[in-house]
Amino acid sequence: MKFTWFICQASLLLISATQTLFGQSAEPAPLAIGSKAPDFKLPGTDGGIYSLASFSKANLLVIVFTCNHCPTAQAYEDRLIQLATDYKNKSVSIIAISPNDPAAVRLDELGYSDMGDSFEEMKLRAREKHYNFPYLYDGKTQQISKAYGPVATPHVFIFDAERKLRFQGRIDDVEAPTGTPTATDTRNAIEALLAGKPVPVPTTKVFGCSVKWAEKKDHQAEAAAEWAKEPVNLEPADEKFIRDLLANKTEKLLLINVWATWCGPCVTEFPDLININRMYRGRDFEFINVSADGPAKKNKVHGFLKEKHASGRNYIFSLDDKYKLIEAIDPKWQGALPYTVLLEPGGKVIYSRQGRVNVAALKKQIVENPLIGRFYK
């Protein structure tokens, strides 16, 4: 027996060393059926601090590991709200926990959302969607999430009155905001337990975004290094070219920003626009900027763009007459910089702003446009 134990321990150490050597981290396995619920003490978006004792009066406790940014998680939001409504008076408590470390999420992983997974953004999402259940944050230490072992978001764990795990897996088999599920696994498990019956399917696989464990923080640095290698070009643009841009003959959503290196608000907000581009450029979206500095300042403009790693479509107005630029962009524009416009195909303006943009409002306009959207299509 001692020899067998020694071999097992040696094997585990070898696996751990191999994972470390190749930069991998063993992700926690989901809690086993029959296990007791690990206790927790986590902050909620409503200002409260929650633990298992907070739900001691409930016969069933449903814990859903989910998050803000994941399209699958967003697709299930309304169904979670409905579950909480349906079982409110049946001694069932439903809570959500975000397991993600917000610093481990790359910008290009946010292409289906206007929000990341920070605690402040969780508060915004809970308020915006009118969550009728506690939404708790575990992104700081992730100790509770590691104890439960969610594989993806969303991932459901259902505990009985003794807080023993009776179900872990998916909500249902439709990972879209609409459609009729053929397997309502979470609801079936709740109904069975309320009726004092065994759960028909106690474990299922889950589908969604992987949990963003803290070990994935390196991905942000990797992304920054990738973007820094992309070429940064600057091309001249005359009146006709500008008008053609505004006509938007593409099939994409276009974000066009007019700016100048001498404009304080312009250079201050420019990194936000670059981040927006990195979030959505993998979708039907493109960011285009036009410098109003004038042709003599081309080198200065190009230097600024390279410093910001602005690898998108960069233009500089080819004439010194700024009023011709104003007329080409928008005759109603008074000329104050920066000026930003969001265009649907065919040139329909759905957002315009003279002065600095409201970043949160702009991202929401983008992600909720039918060309983009919060869900997989």
# chains A, B, ... in the order shown; residues from 1 in each chain; ligands from 1
call {"tool": "select_by_dssp", "arguments": {"residues": "stretch 59-149 of chain A", "states": "alpha helix (DSSP H)", "output": "MDAnalysis selection string"}}
result
chainID A and resid 71:75 77:86 119:129 143:148
call {"tool": "write_last_selection", "arguments": {"atoms": "N, CA and C atoms", "output": "mmCIF file, in the first residue's frame"}}
result
data_model
loop_
_atom_site.group_PDB
_atom_site.id
_atom_site.type_symbol
_atom_site.label_atom_id
_atom_site.label_comp_id
_atom_site.auth_asym_id
_atom_site.auth_seq_id
_atom_site.Cartn_x
_atom_site.Cartn_y
_atom_site.Cartn_z
ATOM 1 N N PRO A 71 -20.831 35.635 -24.115
ATOM 2 C CA PRO A 71 -22.096 35.642 -24.863
ATOM 3 C C PRO A 71 -23.062 34.557 -24.412
ATOM 4 N N THR A 72 -22.536 33.387 -24.038
ATOM 5 C CA THR A 72 -23.418 32.322 -23.561
ATOM 6 C C THR A 72 -24.050 32.706 -22.230
ATOM 7 N N ALA A 73 -23.249 33.283 -21.345
ATOM 8 C CA ALA A 73 -23.784 33.740 -20.063
ATOM 9 C C ALA A 73 -24.870 34.788 -20.274
ATOM 10 N N GLN A 74 -24.646 35.706 -21.194
ATOM 11 C CA GLN A 74 -25.644 36.735 -21.475
ATOM 12 C C GLN A 74 -26.915 36.129 -22.074
ATOM 13 N N ALA A 75 -26.744 35.089 -22.871
ATOM 14 C CA ALA A 75 -27.904 34.438 -23.484
ATOM 15 C C ALA A 75 -28.819 33.815 -22.435
ATOM 16 N N GLU A 77 -29.207 35.039 -19.232
ATOM 17 C CA GLU A 77 -29.583 35.980 -18.173
ATOM 18 C C GLU A 77 -31.092 35.996 -17.907
ATOM 19 N N ASP A 78 -31.874 36.135 -18.965
ATOM 20 C CA ASP A 78 -33.323 36.236 -18.776
ATOM 21 C C ASP A 78 -33.913 34.952 -18.208
ATOM 22 N N ARG A 79 -33.338 33.796 -18.590
ATOM 23 C CA ARG A 79 -33.843 32.540 -18.049
ATOM 24 C C ARG A 79 -33.493 32.388 -16.568
ATOM 25 N N LEU A 80 -32.333 32.912 -16.167
ATOM 26 C CA LEU A 80 -32.005 32.887 -14.740
ATOM 27 C C LEU A 80 -32.956 33.770 -13.947
ATOM 28 N N ILE A 81 -33.251 34.933 -14.504
ATOM 29 C CA ILE A 81 -34.209 35.838 -13.850
ATOM 30 C C ILE A 81 -35.574 35.152 -13.729
ATOM 31 N N GLN A 82 -35.974 34.438 -14.780
ATOM 32 C CA GLN A 82 -37.255 33.728 -14.761
ATOM 33 C C GLN A 82 -37.241 32.590 -13.743
ATOM 34 N N LEU A 83 -36.125 31.865 -13.656
ATOM 35 C CA LEU A 83 -36.006 30.803 -12.649
ATOM 36 C C LEU A 83 -36.189 31.360 -11.239
ATOM 37 N N ALA A 84 -35.529 32.475 -10.973
ATOM 38 C CA ALA A 84 -35.630 33.087 -9.651
ATOM 39 C C ALA A 84 -37.066 33.522 -9.364
ATOM 40 N N THR A 85 -37.755 34.007 -10.387
ATOM 41 C CA THR A 85 -39.158 34.405 -10.230
ATOM 42 C C THR A 85 -40.051 33.195 -9.967
ATOM 43 N N ASP A 86 -39.835 32.138 -10.747
ATOM 44 C CA ASP A 86 -40.694 30.957 -10.654
ATOM 45 C C ASP A 86 -40.572 30.239 -9.313
ATOM 46 N N PHE A 119 -15.791 44.167 -10.605
ATOM 47 C CA PHE A 119 -16.902 44.251 -9.651
ATOM 48 C C PHE A 119 -17.788 45.460 -9.961
ATOM 49 N N GLU A 120 -17.184 46.573 -10.339
ATOM 50 C CA GLU A 120 -17.977 47.768 -10.667
ATOM 51 C C GLU A 120 -18.859 47.519 -11.883
ATOM 52 N N GLU A 121 -18.332 46.820 -12.869
ATOM 53 C CA GLU A 121 -19.137 46.521 -14.057
ATOM 54 C C GLU A 121 -20.219 45.491 -13.751
ATOM 55 N N MET A 122 -19.950 44.586 -12.811
ATOM 56 C CA MET A 122 -20.987 43.654 -12.361
ATOM 57 C C MET A 122 -22.154 44.410 -11.744
ATOM 58 N N LYS A 123 -21.853 45.437 -10.966
ATOM 59 C CA LYS A 123 -22.913 46.252 -10.364
ATOM 60 C C LYS A 123 -23.769 46.902 -11.446
ATOM 61 N N LEU A 124 -23.103 47.403 -12.490
ATOM 62 C CA LEU A 124 -23.830 48.035 -13.592
ATOM 63 C C LEU A 124 -24.729 47.036 -14.305
ATOM 64 N N ARG A 125 -24.199 45.834 -14.571
ATOM 65 C CA ARG A 125 -24.984 44.835 -15.301
ATOM 66 C C ARG A 125 -26.170 44.348 -14.469
ATOM 67 N N ALA A 126 -25.954 44.133 -13.181
ATOM 68 C CA ALA A 126 -27.036 43.680 -12.309
ATOM 69 C C ALA A 126 -28.150 44.721 -12.260
ATOM 70 N N ARG A 127 -27.764 45.996 -12.206
ATOM 71 C CA ARG A 127 -28.767 47.069 -12.168
ATOM 72 C C ARG A 127 -29.480 47.201 -13.509
ATOM 73 N N GLU A 128 -28.718 47.075 -14.586
ATOM 74 C CA GLU A 128 -29.290 47.223 -15.928
ATOM 75 C C GLU A 128 -30.285 46.112 -16.248
ATOM 76 N N LYS A 129 -29.967 44.882 -15.813
ATOM 77 C CA LYS A 129 -30.832 43.731 -16.112
ATOM 78 C C LYS A 129 -31.858 43.461 -15.000
ATOM 79 N N GLN A 143 -10.877 31.801 -4.667
ATOM 80 C CA GLN A 143 -10.781 30.621 -3.793
ATOM 81 C C GLN A 143 -12.078 29.827 -3.779
ATOM 82 N N ILE A 144 -13.202 30.515 -3.763
ATOM 83 C CA ILE A 144 -14.495 29.826 -3.726
ATOM 84 C C ILE A 144 -14.748 29.123 -5.051
ATOM 85 N N SER A 145 -14.447 29.792 -6.137
ATOM 86 C CA SER A 145 -14.643 29.192 -7.457
ATOM 87 C C SER A 145 -13.788 27.943 -7.615
ATOM 88 N N LYS A 146 -12.569 27.985 -7.104
ATOM 89 C CA LYS A 146 -11.703 26.807 -7.190
ATOM 90 C C LYS A 146 -12.247 25.657 -6.346
ATOM 91 N N ALA A 147 -12.936 25.995 -5.266
ATOM 92 C CA ALA A 147 -13.517 24.956 -4.414
ATOM 93 C C ALA A 147 -14.704 24.275 -5.102
ATOM 94 N N TYR A 148 -15.458 25.035 -5.881
ATOM 95 C CA TYR A 148 -16.625 24.481 -6.586
ATOM 96 C C TYR A 148 -16.229 23.898 -7.954
#
call {"tool": "select_by_dssp", "arguments": {"residues": "stretch 3-251 of chain A", "states": "strand (DSSP E)", "output": "ChimeraX atom specification"}}
result
/A:42-43,49-50,60-65,92-98,135-137,152-153,155-159,165-169,209-210,235-237
call {"tool": "residues_around", "arguments": {"residues": "A:Leu253", "least_positions_apart": "5", "cutoff": "8 Å", "atoms": "only C-alpha atoms", "output": "PyMOL selection string"}}
result
chain A and resi 284-286+342-345+366+371
call {"tool": "atom_distance", "arguments": {"atom1": "atom CA of A:Thr204", "atom2": "atom CA of A:Gly169"}}
result
4.6 Å
call {"tool": "residues_around", "arguments": {"residues": "A:Val64", "least_positions_apart": "2", "cutoff": "8 Å", "atoms": "only C-alpha atoms", "output": "PyMOL selection string"}}
result
chain A and resi 62+66+94-97+154-157
call {"tool": "closest_residue", "arguments": {"among": "A:Val267, A:Ala360, A:Ile288, A:Tyr135", "to": "A:Asn248", "atoms": "only C-alpha atoms"}}
result
A:Ile288
call {"tool": "closest_residue", "arguments": {"among": "A:Ser91, A:Ser352, A:Ser118, A:Ser113", "to": "A:Val367", "atoms": "only C-alpha atoms"}}
result
A:Ser113
call {"tool": "residues_around", "arguments": {"residues": "A:Gly48", "least_positions_apart": "2", "cutoff": "12 Å", "atoms": "only C-alpha atoms", "output": "PyMOL selection string"}}
result
chain A and resi 41-46+50-51+54+123+133-137
call {"tool": "atom_distance", "arguments": {"atom1": "atom CA of A:Cys209", "atom2": "atom CA of A:Gly149"}}
result
14.0 Å
call {"tool": "residues_around", "arguments": {"residues": "A:Glu235", "least_positions_apart": "6", "cutoff": "8 Å", "atoms": "only C-alpha atoms", "output": "PyMOL selection string"}}
result
chain A and resi 314-316
